[in-house]
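Peer 1: Contents are mmCIF, N, CA and C atoms; file name upload-v1.cif:
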data_target
loop_
_atom_site.label_atom_id
_atom_site.label_comp_id
_atom_site.auth_asym_id
_atom_site.auth_seq_id
_atom_site.Cartn_x
_atom_site.Cartn_y
_atom_site.Cartn_z
N MET A 106 169.98 172.95 -14.76
CA MET A 106 168.75 172.49 -14.10
C MET A 106 168.58 173.23 -12.77
N PRO A 107 167.33 173.32 -12.33
CA PRO A 107 167.09 174.00 -11.05
C PRO A 107 167.61 173.18 -9.89
N ASP A 108 167.96 173.86 -8.81
CA ASP A 108 168.29 173.14 -7.60
C ASP A 108 166.98 172.72 -6.93
N GLN A 109 167.05 172.18 -5.74
CA GLN A 109 165.85 171.67 -5.08
C GLN A 109 164.85 172.78 -4.76
N ASN A 110 165.28 174.02 -4.71
CA ASN A 110 164.38 175.15 -4.44
C ASN A 110 163.90 175.82 -5.72
N GLY A 111 164.28 175.30 -6.89
CA GLY A 111 163.86 175.90 -8.14
C GLY A 111 164.66 177.13 -8.51
N SER A 112 165.86 177.28 -7.96
CA SER A 112 166.69 178.45 -8.23
C SER A 112 167.67 178.15 -9.36
N LEU A 113 168.01 179.20 -10.08
CA LEU A 113 169.05 179.07 -11.10
C LEU A 113 170.40 178.90 -10.43
N PRO A 114 171.30 178.14 -11.05
CA PRO A 114 172.67 178.09 -10.52
C PRO A 114 173.25 179.51 -10.48
N ASP A 115 174.10 179.77 -9.51
CA ASP A 115 174.63 181.12 -9.29
C ASP A 115 175.29 181.72 -10.54
N ASP A 116 176.07 180.92 -11.26
CA ASP A 116 176.77 181.46 -12.43
C ASP A 116 175.79 181.84 -13.54
N ILE A 117 174.78 181.01 -13.73
CA ILE A 117 173.75 181.32 -14.75
C ILE A 117 172.96 182.55 -14.32
N TYR A 118 172.57 182.59 -13.05
CA TYR A 118 171.81 183.73 -12.54
C TYR A 118 172.59 185.04 -12.73
N ALA A 119 173.88 185.01 -12.43
CA ALA A 119 174.71 186.21 -12.56
C ALA A 119 174.76 186.67 -14.02
N GLU A 120 174.88 185.74 -14.94
CA GLU A 120 174.94 186.10 -16.37
C GLU A 120 173.58 186.60 -16.87
N VAL A 121 172.50 185.99 -16.41
CA VAL A 121 171.16 186.47 -16.78
C VAL A 121 170.97 187.89 -16.26
N GLU A 122 171.39 188.14 -15.04
CA GLU A 122 171.29 189.48 -14.46
C GLU A 122 172.14 190.48 -15.24
N ARG A 123 173.35 190.09 -15.63
CA ARG A 123 174.23 190.97 -16.39
C ARG A 123 173.61 191.32 -17.74
N LEU A 124 173.11 190.30 -18.44
CA LEU A 124 172.50 190.53 -19.75
C LEU A 124 171.21 191.35 -19.62
N SER A 125 170.47 191.10 -18.56
CA SER A 125 169.25 191.87 -18.33
C SER A 125 169.57 193.34 -18.10
N ALA A 126 170.58 193.60 -17.28
CA ALA A 126 170.99 194.99 -17.03
C ALA A 126 171.48 195.64 -18.32
N ARG A 127 172.20 194.88 -19.12
CA ARG A 127 172.67 195.41 -20.42
C ARG A 127 171.47 195.74 -21.31
N GLY A 128 170.47 194.87 -21.32
CA GLY A 128 169.26 195.16 -22.08
C GLY A 128 168.59 196.42 -21.61
N ASN A 129 168.53 196.63 -20.30
CA ASN A 129 167.92 197.85 -19.75
C ASN A 129 168.70 199.10 -20.18
N GLU A 130 170.04 199.00 -20.18
CA GLU A 130 170.86 200.13 -20.63
C GLU A 130 170.59 200.46 -22.09
N LEU A 131 170.50 199.43 -22.91
CA LEU A 131 170.24 199.62 -24.34
C LEU A 131 168.84 200.19 -24.56
N LEU A 132 167.89 199.72 -23.78
CA LEU A 132 166.53 200.25 -23.88
C LEU A 132 166.52 201.74 -23.53
N ASP A 133 167.22 202.11 -22.47
CA ASP A 133 167.30 203.51 -22.06
C ASP A 133 167.92 204.38 -23.16
N ALA A 134 168.79 203.78 -23.97
CA ALA A 134 169.43 204.49 -25.08
C ALA A 134 168.60 204.39 -26.37
N ALA A 135 167.38 203.85 -26.25
CA ALA A 135 166.47 203.67 -27.40
C ALA A 135 167.02 202.71 -28.44
N ASP A 136 167.93 201.81 -28.03
CA ASP A 136 168.43 200.75 -28.91
C ASP A 136 167.57 199.51 -28.65
N TYR A 137 166.37 199.51 -29.22
CA TYR A 137 165.41 198.45 -28.95
C TYR A 137 165.90 197.10 -29.45
N GLU A 138 166.49 197.10 -30.64
CA GLU A 138 166.99 195.84 -31.20
C GLU A 138 168.11 195.27 -30.33
N GLY A 139 169.01 196.12 -29.88
CA GLY A 139 170.10 195.67 -29.01
C GLY A 139 169.59 195.15 -27.68
N ALA A 140 168.61 195.84 -27.12
CA ALA A 140 168.01 195.39 -25.86
C ALA A 140 167.37 194.02 -26.03
N ILE A 141 166.62 193.86 -27.10
CA ILE A 141 165.96 192.57 -27.35
C ILE A 141 166.99 191.47 -27.54
N GLU A 142 168.08 191.77 -28.22
CA GLU A 142 169.15 190.77 -28.40
C GLU A 142 169.74 190.36 -27.05
N ALA A 143 169.97 191.33 -26.17
CA ALA A 143 170.53 191.03 -24.84
C ALA A 143 169.57 190.13 -24.06
N TRP A 144 168.29 190.47 -24.08
CA TRP A 144 167.32 189.67 -23.33
C TRP A 144 167.12 188.29 -23.94
N ASN A 145 167.20 188.18 -25.27
CA ASN A 145 167.13 186.86 -25.89
C ASN A 145 168.35 186.02 -25.53
N ALA A 146 169.51 186.66 -25.41
CA ALA A 146 170.72 185.93 -24.99
C ALA A 146 170.54 185.41 -23.56
N ALA A 147 169.91 186.22 -22.71
CA ALA A 147 169.65 185.77 -21.34
C ALA A 147 168.65 184.61 -21.34
N LEU A 148 167.63 184.70 -22.16
CA LEU A 148 166.66 183.59 -22.25
C LEU A 148 167.33 182.30 -22.70
N ALA A 149 168.28 182.41 -23.60
CA ALA A 149 168.97 181.23 -24.12
C ALA A 149 169.74 180.49 -23.03
N LEU A 150 170.07 181.16 -21.95
CA LEU A 150 170.81 180.54 -20.85
C LEU A 150 169.92 179.68 -19.94
N LEU A 151 168.62 179.90 -20.02
CA LEU A 151 167.70 179.17 -19.15
C LEU A 151 167.50 177.75 -19.65
N ALA A 152 167.52 176.82 -18.71
CA ALA A 152 167.28 175.42 -19.06
C ALA A 152 165.82 175.22 -19.44
N GLU A 153 165.57 174.20 -20.22
CA GLU A 153 164.20 173.83 -20.59
C GLU A 153 163.54 173.13 -19.41
N PRO A 154 162.29 173.28 -19.21
CA PRO A 154 161.42 174.20 -19.95
C PRO A 154 161.62 175.63 -19.45
N LYS A 155 161.87 176.53 -20.39
CA LYS A 155 162.17 177.92 -20.04
C LYS A 155 161.03 178.57 -19.26
N ALA A 156 159.80 178.18 -19.55
CA ALA A 156 158.63 178.77 -18.89
C ALA A 156 158.63 178.52 -17.38
N PHE A 157 159.40 177.59 -16.92
CA PHE A 157 159.50 177.28 -15.48
C PHE A 157 160.08 178.44 -14.69
N TRP A 158 160.97 179.18 -15.31
CA TRP A 158 161.77 180.18 -14.62
C TRP A 158 161.05 181.52 -14.53
N ASP A 159 161.12 182.14 -13.34
CA ASP A 159 160.60 183.50 -13.19
C ASP A 159 161.29 184.44 -14.17
N ALA A 160 162.56 184.22 -14.38
CA ALA A 160 163.32 185.09 -15.29
C ALA A 160 162.73 185.07 -16.69
N ALA A 161 162.18 183.95 -17.12
CA ALA A 161 161.58 183.88 -18.45
C ALA A 161 160.43 184.86 -18.57
N MET A 162 159.63 184.96 -17.52
CA MET A 162 158.49 185.87 -17.55
C MET A 162 158.96 187.31 -17.72
N TRP A 163 159.89 187.75 -16.87
CA TRP A 163 160.28 189.15 -16.97
C TRP A 163 161.15 189.44 -18.18
N LEU A 164 161.88 188.46 -18.68
CA LEU A 164 162.66 188.68 -19.91
C LEU A 164 161.72 188.81 -21.11
N HIS A 165 160.72 187.92 -21.20
CA HIS A 165 159.75 188.04 -22.30
C HIS A 165 158.98 189.36 -22.19
N ALA A 166 158.61 189.77 -20.97
CA ALA A 166 157.89 191.03 -20.79
C ALA A 166 158.78 192.21 -21.21
N SER A 167 160.05 192.14 -20.90
CA SER A 167 160.98 193.19 -21.31
C SER A 167 161.07 193.26 -22.83
N ILE A 168 161.16 192.10 -23.46
CA ILE A 168 161.21 192.04 -24.92
C ILE A 168 159.93 192.63 -25.50
N GLY A 169 158.79 192.28 -24.91
CA GLY A 169 157.52 192.82 -25.38
C GLY A 169 157.45 194.32 -25.25
N GLY A 170 157.92 194.85 -24.13
CA GLY A 170 157.92 196.29 -23.93
C GLY A 170 158.81 197.00 -24.94
N ALA A 171 159.98 196.45 -25.21
CA ALA A 171 160.89 197.06 -26.18
C ALA A 171 160.31 196.99 -27.59
N ALA A 172 159.73 195.85 -27.94
CA ALA A 172 159.11 195.71 -29.26
C ALA A 172 157.97 196.71 -29.43
N TYR A 173 157.19 196.90 -28.38
CA TYR A 173 156.09 197.87 -28.42
C TYR A 173 156.64 199.28 -28.63
N GLN A 174 157.67 199.63 -27.89
CA GLN A 174 158.28 200.95 -28.04
C GLN A 174 158.86 201.15 -29.43
N ALA A 175 159.33 200.05 -30.04
CA ALA A 175 159.89 200.11 -31.39
C ALA A 175 158.80 200.16 -32.45
N GLY A 176 157.54 200.01 -32.04
CA GLY A 176 156.43 200.05 -32.98
C GLY A 176 156.08 198.72 -33.62
N ASP A 177 156.61 197.63 -33.08
CA ASP A 177 156.33 196.30 -33.62
C ASP A 177 155.31 195.60 -32.71
N ASP A 178 154.04 195.92 -32.92
CA ASP A 178 152.99 195.38 -32.07
C ASP A 178 152.87 193.86 -32.17
N ASN A 179 153.14 193.29 -33.34
CA ASN A 179 153.06 191.83 -33.49
C ASN A 179 154.11 191.13 -32.65
N ALA A 180 155.34 191.63 -32.69
CA ALA A 180 156.40 191.04 -31.87
C ALA A 180 156.13 191.28 -30.39
N ALA A 181 155.58 192.44 -30.05
CA ALA A 181 155.25 192.74 -28.66
C ALA A 181 154.19 191.76 -28.16
N LEU A 182 153.15 191.55 -28.95
CA LEU A 182 152.10 190.62 -28.56
C LEU A 182 152.65 189.21 -28.37
N ALA A 183 153.48 188.76 -29.30
CA ALA A 183 154.07 187.42 -29.19
C ALA A 183 154.89 187.29 -27.92
N ALA A 184 155.66 188.32 -27.58
CA ALA A 184 156.49 188.28 -26.38
C ALA A 184 155.63 188.27 -25.12
N PHE A 185 154.57 189.06 -25.09
CA PHE A 185 153.71 189.08 -23.90
C PHE A 185 152.92 187.78 -23.77
N VAL A 186 152.59 187.14 -24.88
CA VAL A 186 151.96 185.82 -24.80
C VAL A 186 152.92 184.84 -24.14
N GLU A 187 154.19 184.88 -24.56
CA GLU A 187 155.19 184.01 -23.94
C GLU A 187 155.38 184.35 -22.46
N ALA A 188 155.37 185.62 -22.14
CA ALA A 188 155.49 186.03 -20.73
C ALA A 188 154.32 185.48 -19.93
N SER A 189 153.13 185.51 -20.49
CA SER A 189 151.96 185.02 -19.76
C SER A 189 152.00 183.52 -19.55
N ARG A 190 152.72 182.82 -20.40
CA ARG A 190 152.86 181.36 -20.29
C ARG A 190 154.01 180.95 -19.38
N SER A 191 154.78 181.92 -18.92
CA SER A 191 155.96 181.65 -18.12
C SER A 191 155.69 181.91 -16.64
N ALA A 192 156.20 181.04 -15.79
CA ALA A 192 156.15 181.20 -14.33
C ALA A 192 154.79 181.76 -13.91
N ASP A 193 154.77 182.91 -13.27
CA ASP A 193 153.51 183.51 -12.80
C ASP A 193 152.97 184.57 -13.75
N GLY A 194 153.35 184.53 -15.00
CA GLY A 194 152.92 185.53 -15.97
C GLY A 194 151.42 185.59 -16.17
N GLY A 195 150.75 184.46 -15.97
CA GLY A 195 149.30 184.44 -16.11
C GLY A 195 148.59 185.24 -15.05
N ARG A 196 149.29 185.54 -13.96
CA ARG A 196 148.72 186.35 -12.88
C ARG A 196 149.38 187.72 -12.74
N ASN A 197 150.38 187.99 -13.55
CA ASN A 197 151.11 189.24 -13.44
C ASN A 197 150.30 190.37 -14.08
N PRO A 198 149.93 191.40 -13.30
CA PRO A 198 149.08 192.46 -13.85
C PRO A 198 149.72 193.23 -15.00
N TYR A 199 151.03 193.44 -14.95
CA TYR A 199 151.71 194.15 -16.04
C TYR A 199 151.62 193.35 -17.33
N VAL A 200 151.87 192.06 -17.25
CA VAL A 200 151.79 191.19 -18.43
C VAL A 200 150.36 191.16 -18.94
N GLN A 201 149.40 190.98 -18.04
CA GLN A 201 148.00 190.90 -18.45
C GLN A 201 147.53 192.21 -19.05
N MET A 202 147.91 193.33 -18.48
CA MET A 202 147.51 194.62 -19.01
C MET A 202 148.07 194.82 -20.41
N ASN A 203 149.33 194.49 -20.60
CA ASN A 203 149.93 194.64 -21.93
C ASN A 203 149.25 193.74 -22.95
N LEU A 204 148.92 192.53 -22.56
CA LEU A 204 148.18 191.66 -23.48
C LEU A 204 146.85 192.29 -23.86
N GLY A 205 146.13 192.77 -22.86
CA GLY A 205 144.85 193.41 -23.12
C GLY A 205 144.97 194.61 -24.04
N VAL A 206 145.95 195.46 -23.78
CA VAL A 206 146.17 196.66 -24.59
C VAL A 206 146.47 196.28 -26.03
N LEU A 207 147.40 195.35 -26.22
CA LEU A 207 147.79 194.97 -27.57
C LEU A 207 146.65 194.30 -28.32
N LEU A 208 145.91 193.45 -27.64
CA LEU A 208 144.77 192.80 -28.29
C LEU A 208 143.68 193.81 -28.63
N LEU A 209 143.40 194.72 -27.71
CA LEU A 209 142.38 195.74 -27.97
C LEU A 209 142.81 196.64 -29.12
N ASP A 210 144.06 197.06 -29.12
CA ASP A 210 144.56 197.90 -30.21
C ASP A 210 144.51 197.18 -31.55
N ALA A 211 144.57 195.86 -31.54
CA ALA A 211 144.51 195.07 -32.77
C ALA A 211 143.06 194.77 -33.17
N GLY A 212 142.10 195.33 -32.43
CA GLY A 212 140.70 195.10 -32.76
C GLY A 212 140.15 193.78 -32.27
N ARG A 213 140.83 193.17 -31.32
CA ARG A 213 140.43 191.85 -30.80
C ARG A 213 139.88 192.02 -29.38
N GLU A 214 138.81 192.80 -29.27
CA GLU A 214 138.25 193.18 -27.98
C GLU A 214 137.83 191.98 -27.14
N GLU A 215 137.17 191.01 -27.74
CA GLU A 215 136.71 189.85 -26.96
C GLU A 215 137.87 189.12 -26.31
N GLN A 216 138.99 189.03 -27.01
CA GLN A 216 140.17 188.38 -26.44
C GLN A 216 140.85 189.29 -25.41
N ALA A 217 140.73 190.59 -25.57
CA ALA A 217 141.39 191.54 -24.68
C ALA A 217 140.73 191.60 -23.31
N VAL A 218 139.40 191.47 -23.27
CA VAL A 218 138.65 191.71 -22.04
C VAL A 218 139.13 190.87 -20.85
N PRO A 219 139.34 189.56 -20.98
CA PRO A 219 139.79 188.80 -19.80
C PRO A 219 141.13 189.29 -19.25
N HIS A 220 142.03 189.69 -20.13
CA HIS A 220 143.34 190.19 -19.69
C HIS A 220 143.20 191.54 -18.99
N LEU A 221 142.38 192.41 -19.56
CA LEU A 221 142.15 193.72 -18.95
C LEU A 221 141.47 193.56 -17.59
N LEU A 222 140.52 192.65 -17.51
CA LEU A 222 139.82 192.42 -16.25
C LEU A 222 140.76 191.87 -15.19
N GLN A 223 141.62 190.95 -15.58
CA GLN A 223 142.57 190.39 -14.63
C GLN A 223 143.52 191.47 -14.12
N ALA A 224 143.97 192.36 -15.00
CA ALA A 224 144.84 193.45 -14.57
C ALA A 224 144.08 194.37 -13.61
N TYR A 225 142.84 194.65 -13.91
CA TYR A 225 142.02 195.50 -13.04
C TYR A 225 141.84 194.84 -11.67
N MET A 226 141.57 193.56 -11.66
CA MET A 226 141.35 192.85 -10.39
C MET A 226 142.61 192.86 -9.53
N ALA A 227 143.76 192.84 -10.15
CA ALA A 227 145.02 192.82 -9.40
C ALA A 227 145.46 194.22 -8.96
N GLU A 228 145.26 195.22 -9.81
CA GLU A 228 145.83 196.55 -9.56
C GLU A 228 144.79 197.66 -9.49
N GLY A 229 143.58 197.37 -9.88
CA GLY A 229 142.54 198.38 -9.84
C GLY A 229 142.70 199.45 -10.91
N TYR A 230 142.08 200.55 -10.64
CA TYR A 230 142.02 201.68 -11.56
C TYR A 230 143.41 202.21 -11.91
N ASP A 231 144.34 202.16 -10.98
CA ASP A 231 145.66 202.77 -11.16
C ASP A 231 146.40 202.26 -12.39
N ILE A 232 146.31 200.97 -12.66
CA ILE A 232 147.05 200.43 -13.81
C ILE A 232 146.50 201.02 -15.11
N PHE A 233 145.20 201.30 -15.14
CA PHE A 233 144.61 201.90 -16.34
C PHE A 233 145.02 203.35 -16.48
N ALA A 234 145.18 204.04 -15.37
CA ALA A 234 145.64 205.42 -15.41
C ALA A 234 147.03 205.49 -16.03
N ASN A 235 147.84 204.47 -15.80
CA ASN A 235 149.20 204.43 -16.37
C ASN A 235 149.20 204.10 -17.86
N PHE A 236 148.25 203.28 -18.31
CA PHE A 236 148.23 202.83 -19.71
C PHE A 236 147.31 203.67 -20.57
N GLY A 237 146.28 204.22 -19.97
CA GLY A 237 145.29 205.00 -20.71
C GLY A 237 143.90 204.54 -20.32
N LEU A 238 143.08 205.47 -19.92
CA LEU A 238 141.75 205.14 -19.44
C LEU A 238 140.85 204.55 -20.52
N GLN A 239 141.19 204.77 -21.78
CA GLN A 239 140.39 204.18 -22.86
C GLN A 239 140.36 202.65 -22.79
N TYR A 240 141.37 202.06 -22.17
CA TYR A 240 141.42 200.60 -22.07
C TYR A 240 140.45 200.06 -21.02
N LEU A 241 139.91 200.94 -20.22
CA LEU A 241 138.90 200.56 -19.23
C LEU A 241 137.51 200.46 -19.87
N ASP A 242 137.31 201.13 -20.99
CA ASP A 242 135.99 201.20 -21.63
C ASP A 242 135.34 199.84 -21.89
N PRO A 243 136.05 198.84 -22.41
CA PRO A 243 135.38 197.56 -22.65
C PRO A 243 134.84 196.92 -21.37
N LEU A 244 135.53 197.14 -20.26
CA LEU A 244 135.08 196.60 -18.98
C LEU A 244 133.86 197.36 -18.47
N LEU A 245 133.88 198.68 -18.64
CA LEU A 245 132.76 199.52 -18.23
C LEU A 245 131.51 199.19 -19.05
N ARG A 246 131.66 199.08 -20.36
CA ARG A 246 130.52 198.77 -21.24
C ARG A 246 129.86 197.44 -20.90
N ARG A 247 130.65 196.51 -20.44
CA ARG A 247 130.13 195.18 -20.09
C ARG A 247 129.63 195.12 -18.64
N GLY A 248 129.80 196.20 -17.91
CA GLY A 248 129.39 196.23 -16.51
C GLY A 248 130.26 195.38 -15.62
N LEU A 249 131.50 195.13 -16.04
CA LEU A 249 132.41 194.30 -15.26
C LEU A 249 133.09 195.07 -14.15
N VAL A 250 133.17 196.38 -14.30
CA VAL A 250 133.74 197.25 -13.28
C VAL A 250 132.86 198.49 -13.18
N ALA A 251 132.94 199.15 -12.04
CA ALA A 251 132.19 200.39 -11.84
C ALA A 251 133.07 201.57 -12.17
N LYS A 252 132.47 202.62 -12.63
CA LYS A 252 133.21 203.84 -12.94
C LYS A 252 133.71 204.47 -11.64
N ASN A 253 134.96 204.90 -11.65
CA ASN A 253 135.55 205.55 -10.46
C ASN A 253 135.06 206.96 -10.32
#
Could you take the file, read its structure, and then write that structure out as structure tokens?

Peer 2:
Amino acid sequence: MPDQNGSLPDDIYAEVERLSARGNELLDAADYEGAIEAWNAALALLAEPKAFWDAAMWLHASIGGAAYQAGDDNAALAAFVEASRSADGGRNPYVQMNLGVLLLDAGREEQAVPHLLQAYMAEGYDIFANFGLQYLDPLLRRGLVAKN
């Protein structure tokens, strides 16, 4: 359980950090399945409700990123949905951008637009430059943003 400040106990935090670092190492080695397993093991250490913890947001986002790199867009989308439901994930531009990208790539433009717009509002044009300017098109067509 969280302490009065909402922090993880030191021993749990240390193990989550260790497993997260292991996941990053595996991701760097293109072992997507291994990375996802490490991050899921870290998630399993979090007390319920898991969405309370900041760590849940970045662990789910890490899982989503690895699933996307592995070519599993459905698993990536599911992970980013969980990330958006965790801690501050609903306001995190990286999480929102990934949701928008995955939804748009799946042909679900109407669902993608709010996520893309939220990412734009938080990070501006730069986040689209990192993901691909084509993801800005739905916002431009709707007149939600001005062309740079």

Peer 1: Show me a table, sorted first by chain and then by increasing residue number, of the residues of segment 172-247 of chain A having an atom at most 8 Å from segment 141-158 of chain A, each with its shortest atom pair and the distance in Å to one decimal, counting only C-alpha atoms and written as a tab-separated table.

Peer 2:
residue	atom	partner	partner_atom	distance
A:Ala172	CA	A:Ile141	CA	7.8
A:Arg190	CA	A:Ala156	CA	6.5
A:Ser191	CA	A:Ala156	CA	4.0
A:Ala192	CA	A:Phe157	CA	5.3

Peer 1: Decode the PyMOL selection byres ((chain A and resi 224) around 6.5) for the given file into explicit residues and return them as a list of chain:residue names.

Peer 2: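 Checked against the file, the PyMOL selection byres ((chain A and resi 224) around 6.5) matches A:Asn197, A:Pro198, A:Tyr199, A:Gln201, A:Met202, A:Pro219, A:His220, A:Leu221, A:Leu222, A:Gln223, A:Tyr225, A:Met226, A:Ala227, A:Glu228, A:Gly229.
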
Peer 1: Of the candidates A:Leu132, A:Ala161, A:Leu124, A:Leu238, which shows the shortest atom-to-atom distance to Gly194 of chain A, using all atoms listed in the file?

Peer 2: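 Using all atoms listed in the file, Gly194 of chain A sits closest to A:Ala161.
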
Peer 1: Expressed in Å to a single decimal, how great is the separation between atom CA of Lys252 of chain A and atom CA of Val186 of chain A?

Peer 2: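 Those two atoms sit 28.6 Å apart.
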
Peer 1: Where does DSSP see helix (DSSP H, G or I) in segment 162-198 of chain A, if you list the residues as an mmCIF file with N, CA and C atoms, keeping the file's coordinate frame?

Peer 2:
data_model
loop_
_atom_site.group_PDB
_atom_site.id
_atom_site.type_symbol
_atom_site.label_atom_id
_atom_site.label_comp_id
_atom_site.auth_asym_id
_atom_site.auth_seq_id
_atom_site.Cartn_x
_atom_site.Cartn_y
_atom_site.Cartn_z
ATOM 1 N N MET A 162 159.630 184.960 -17.520
ATOM 2 C CA MET A 162 158.490 185.870 -17.550
ATOM 3 C C MET A 162 158.960 187.310 -17.720
ATOM 4 N N TRP A 163 159.890 187.750 -16.870
ATOM 5 C CA TRP A 163 160.280 189.150 -16.970
ATOM 6 C C TRP A 163 161.150 189.440 -18.180
ATOM 7 N N LEU A 164 161.880 188.460 -18.680
ATOM 8 C CA LEU A 164 162.660 188.680 -19.910
ATOM 9 C C LEU A 164 161.720 188.810 -21.110
ATOM 10 N N HIS A 165 160.720 187.920 -21.200
ATOM 11 C CA HIS A 165 159.750 188.040 -22.300
ATOM 12 C C HIS A 165 158.980 189.360 -22.190
ATOM 13 N N ALA A 166 158.610 189.770 -20.970
ATOM 14 C CA ALA A 166 157.890 191.030 -20.790
ATOM 15 C C ALA A 166 158.780 192.210 -21.210
ATOM 16 N N SER A 167 160.050 192.140 -20.900
ATOM 17 C CA SER A 167 160.980 193.190 -21.310
ATOM 18 C C SER A 167 161.070 193.260 -22.830
ATOM 19 N N ILE A 168 161.160 192.100 -23.460
ATOM 20 C CA ILE A 168 161.210 192.040 -24.920
ATOM 21 C C ILE A 168 159.930 192.630 -25.500
ATOM 22 N N GLY A 169 158.790 192.280 -24.910
ATOM 23 C CA GLY A 169 157.520 192.820 -25.380
ATOM 24 C C GLY A 169 157.450 194.320 -25.250
ATOM 25 N N GLY A 170 157.920 194.850 -24.130
ATOM 26 C CA GLY A 170 157.920 196.290 -23.930
ATOM 27 C C GLY A 170 158.810 197.000 -24.940
ATOM 28 N N ALA A 171 159.980 196.450 -25.210
ATOM 29 C CA ALA A 171 160.890 197.060 -26.180
ATOM 30 C C ALA A 171 160.310 196.990 -27.590
ATOM 31 N N ALA A 172 159.730 195.850 -27.940
ATOM 32 C CA ALA A 172 159.110 195.710 -29.260
ATOM 33 C C ALA A 172 157.970 196.710 -29.430
ATOM 34 N N TYR A 173 157.190 196.900 -28.380
ATOM 35 C CA TYR A 173 156.090 197.870 -28.420
ATOM 36 C C TYR A 173 156.640 199.280 -28.630
ATOM 37 N N GLN A 174 157.670 199.630 -27.890
ATOM 38 C CA GLN A 174 158.280 200.950 -28.040
ATOM 39 C C GLN A 174 158.860 201.150 -29.430
ATOM 40 N N ASP A 178 154.040 195.920 -32.920
ATOM 41 C CA ASP A 178 152.990 195.380 -32.070
ATOM 42 C C ASP A 178 152.870 193.860 -32.170
ATOM 43 N N ASN A 179 153.140 193.290 -33.340
ATOM 44 C CA ASN A 179 153.060 191.830 -33.490
ATOM 45 C C ASN A 179 154.110 191.130 -32.650
ATOM 46 N N ALA A 180 155.340 191.630 -32.690
ATOM 47 C CA ALA A 180 156.400 191.040 -31.870
ATOM 48 C C ALA A 180 156.130 191.280 -30.390
ATOM 49 N N ALA A 181 155.580 192.440 -30.050
ATOM 50 C CA ALA A 181 155.250 192.740 -28.660
ATOM 51 C C ALA A 181 154.190 191.760 -28.160
ATOM 52 N N LEU A 182 153.150 191.550 -28.950
ATOM 53 C CA LEU A 182 152.100 190.620 -28.560
ATOM 54 C C LEU A 182 152.650 189.210 -28.370
ATOM 55 N N ALA A 183 153.480 188.760 -29.300
ATOM 56 C CA ALA A 183 154.070 187.420 -29.190
ATOM 57 C C ALA A 183 154.890 187.290 -27.920
ATOM 58 N N ALA A 184 155.660 188.320 -27.580
ATOM 59 C CA ALA A 184 156.490 188.280 -26.380
ATOM 60 C C ALA A 184 155.630 188.270 -25.120
ATOM 61 N N PHE A 185 154.570 189.060 -25.090
ATOM 62 C CA PHE A 185 153.710 189.080 -23.900
ATOM 63 C C PHE A 185 152.920 187.780 -23.770
ATOM 64 N N VAL A 186 152.590 187.140 -24.880
ATOM 65 C CA VAL A 186 151.960 185.820 -24.800
ATOM 66 C C VAL A 186 152.920 184.840 -24.140
ATOM 67 N N GLU A 187 154.190 184.880 -24.560
ATOM 68 C CA GLU A 187 155.190 184.010 -23.940
ATOM 69 C C GLU A 187 155.380 184.350 -22.460
ATOM 70 N N ALA A 188 155.370 185.620 -22.140
ATOM 71 C CA ALA A 188 155.490 186.030 -20.730
ATOM 72 C C ALA A 188 154.320 185.480 -19.930
ATOM 73 N N SER A 189 153.130 185.510 -20.490
ATOM 74 C CA SER A 189 151.960 185.020 -19.760
ATOM 75 C C SER A 189 152.000 183.520 -19.550
ATOM 76 N N ARG A 190 152.720 182.820 -20.400
ATOM 77 C CA ARG A 190 152.860 181.360 -20.290
ATOM 78 C C ARG A 190 154.010 180.950 -19.380
ATOM 79 N N PRO A 198 149.930 191.400 -13.300
ATOM 80 C CA PRO A 198 149.080 192.460 -13.850
ATOM 81 C C PRO A 198 149.720 193.230 -15.000
#

Peer 1: Rounded to one decimal, what separation in Å do you get between atom CA of Ala160 of chain A and atom CA of Glu120 of chain A?

Peer 2: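 So the answer is 11.7 Å.
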
Peer 1: For Tyr230 of chain A, which residue out of A:Glu122, A:Asp178, A:Asp115, A:Asn253 is the nearest one, using only N, CA and C atoms?

Peer 2: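 Of the candidates, the smallest distance to Tyr230 of chain A is held by A:Asn253.
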
Peer 1: Interatomic distance between atom CA of Asn203 of chain A and atom N of Leu113 of chain A?

Peer 2: 26.6 Å

Peer 1: From the set A:Phe185, A:Trp163, A:Tyr137, A:Phe233, which residue has the shortest atom-to-atom contact distance to Val121 of chain A, counting only C-alpha atoms?

Peer 2: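 Among A:Phe185, A:Trp163, A:Tyr137, A:Phe233, it is A:Trp163 that comes nearest to Val121 of chain A.
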
Peer 1: I'd like the neighbourhood of Val218 of chain A as a CSV table (one decimal) with N, CA and C atoms, in the coordinates of the input, where a residue qualifies if any of its atoms comes within 7 Å (using all atoms listed in the file), though same-chain residues fewer than 3 positions away should be ignored.

Peer 2:
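What landed in around-v2.csv:
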chain,number,residue,atom,x,y,z
A,205,GLY,N,146.1,192.8,-22.9
A,205,GLY,CA,144.8,193.4,-23.1
A,205,GLY,C,145.0,194.6,-24.0
A,209,LEU,N,143.4,194.7,-27.7
A,209,LEU,CA,142.4,195.7,-28.0
A,209,LEU,C,142.8,196.6,-29.1
A,213,ARG,N,140.8,193.2,-31.3
A,213,ARG,CA,140.4,191.8,-30.8
A,213,ARG,C,139.9,192.0,-29.4
A,214,GLU,N,138.8,192.8,-29.3
A,214,GLU,CA,138.2,193.2,-28.0
A,214,GLU,C,137.8,192.0,-27.1
A,215,GLU,N,137.2,191.0,-27.7
A,215,GLU,CA,136.7,189.8,-27.0
A,215,GLU,C,137.9,189.1,-26.3
A,221,LEU,N,142.4,192.4,-19.6
A,221,LEU,CA,142.2,193.7,-19.0
A,221,LEU,C,141.5,193.6,-17.6
A,222,LEU,N,140.5,192.6,-17.5
A,222,LEU,CA,139.8,192.4,-16.2
A,222,LEU,C,140.8,191.9,-15.2
A,223,GLN,N,141.6,191.0,-15.6
A,223,GLN,CA,142.6,190.4,-14.6
A,223,GLN,C,143.5,191.5,-14.1
A,243,PRO,N,136.0,198.8,-22.4
A,243,PRO,CA,135.4,197.6,-22.6
A,243,PRO,C,134.8,196.9,-21.4
A,244,LEU,N,135.5,197.1,-20.3
A,244,LEU,CA,135.1,196.6,-19.0
A,244,LEU,C,133.9,197.4,-18.5
